Amino acid sequence: MGSVNLQFHSDEDLLLLLQRGGHHAFREIYKRYWDKLLYIAGKKLDDLSEAESIVQDVFVDLWQRREILEIKQQLAGYLVVAVRYRMLNFLARQQRAKTYIQETARNQEPGENSTEELLGFEELRGWLEKMVSRLPEKCQLAYRLRGEGYSQREIAGYMKVSEKTVETHISRALKILRTGLGQLISRMWMFFF
């Protein structure tokens with residue numbers, strides 16, 4: 001089936017074709033939503049290069065996870081939420097980096113060498129980010145929004161679910177992360193001792 005014919009298909013049909021590995025369906029979704037998503041990201045970030053990178057990441061993720069995706073809402077809504085989620089992440093990383101640099105500059109003694117500490121921190125942060133990125137999609141979104149300081153009520157409104165559901169997602173995320181952290185600490189303990 002050619003991509004020209006797909007322009008008349010609904011988003012639901014395209015999703016079904018995509019889940020079966022349809023390259024043409026993916027290209028049609030890309031053509032349909034790239035500009036709209038780039039506009040949303042570019043307007044919020046005021047950085048076209050970063051906006052393009054975020055939108056590209058969303059499409060890469062869509063393709064890589066096509067066979068396991070469970071999109072229970074409109075495709076457009078799903079893509080917009082995915083872009084907003086990545087924008088929040090980017091803005092939070094920028095803010096954390098800025099805060100960390102300011103704190104380090106304030107607290108560091110002249111001549112103090114904290115390279116090893118920084119490397120250890122970066123390694124742990126990288127591990128945590130990897131663990132978080134493996135969480136189920138809704139757990140991950142609820143966990144990250146909580147980390148940005150949003151209340152359960154605000155997260156529930158954003159995700160269009162009940163506060164109880166948000167609480168369940170966050171509890172599940174924390175349980176998975178605690179288990180993973182326990183395994184990491186055990187491995188480190190065995191390595192050092």
# chains A, B, ... in the order shown; residues from 1 in each chain; ligands from 1
call {"tool": "residues_around", "arguments": {"residues": "A:Leu15", "least_positions_apart": "3", "cutoff": "12 Å", "atoms": "only C-alpha atoms", "output": "ChimeraX atom specification"}}
result
/A:6,9-12,18-30,62-63,65-76,78
call {"tool": "closest_residue", "arguments": {"among": "A:Cys139, A:Arg146, A:Val83, A:Asp61", "to": "A:Tyr39", "atoms": "only C-alpha atoms"}}
result
A:Val83
call {"tool": "closest_residue", "arguments": {"among": "A:Leu14, A:Leu91, A:Ile176, A:Val166", "to": "A:Asp47", "atoms": "only C-alpha atoms"}}
result
A:Leu91
call {"tool": "closest_residue", "arguments": {"among": "A:Phe90, A:Gly180, A:Met159, A:Ala51", "to": "A:Leu135", "atoms": "only C-alpha atoms"}}
result
A:Gly180
call {"tool": "atom_distance", "arguments": {"atom1": "atom CA of A:Ala41", "atom2": "atom CA of A:Val55"}}
result
7.5 Å
call {"tool": "residues_around", "arguments": {"residues": "A:Lys175", "least_positions_apart": "6", "cutoff": "12 Å", "atoms": "only C-alpha atoms", "output": "ChimeraX atom specification"}}
result
/A:131-132,135,139,143,168-169,181-182
call {"tool": "write_last_selection", "arguments": {"atoms": "C-alpha atoms", "output": "CSV table (one decimal), in the first residue's frame"}}
result
chain,number,residue,atom,x,y,z
A,131,MET,CA,15.8,3.3,35.2
A,132,VAL,CA,13.2,6.1,34.9
A,135,LEU,CA,9.3,2.7,33.6
A,139,CYS,CA,4.3,5.8,35.7
A,143,TYR,CA,6.9,10.4,38.4
A,168,THR,CA,-0.8,4.4,42.1
A,169,HIS,CA,1.5,5.3,39.2
A,181,LEU,CA,18.6,0.9,43.5
A,182,GLY,CA,18.8,-2.0,45.9
call {"tool": "atom_distance", "arguments": {"atom1": "atom CA of A:Asn89", "atom2": "atom CA of A:Ser162"}}
result
22.8 Å
call {"tool": "atom_distance", "arguments": {"atom1": "atom CA of A:Gln64", "atom2": "atom CA of A:Ile170"}}
result
24.8 Å
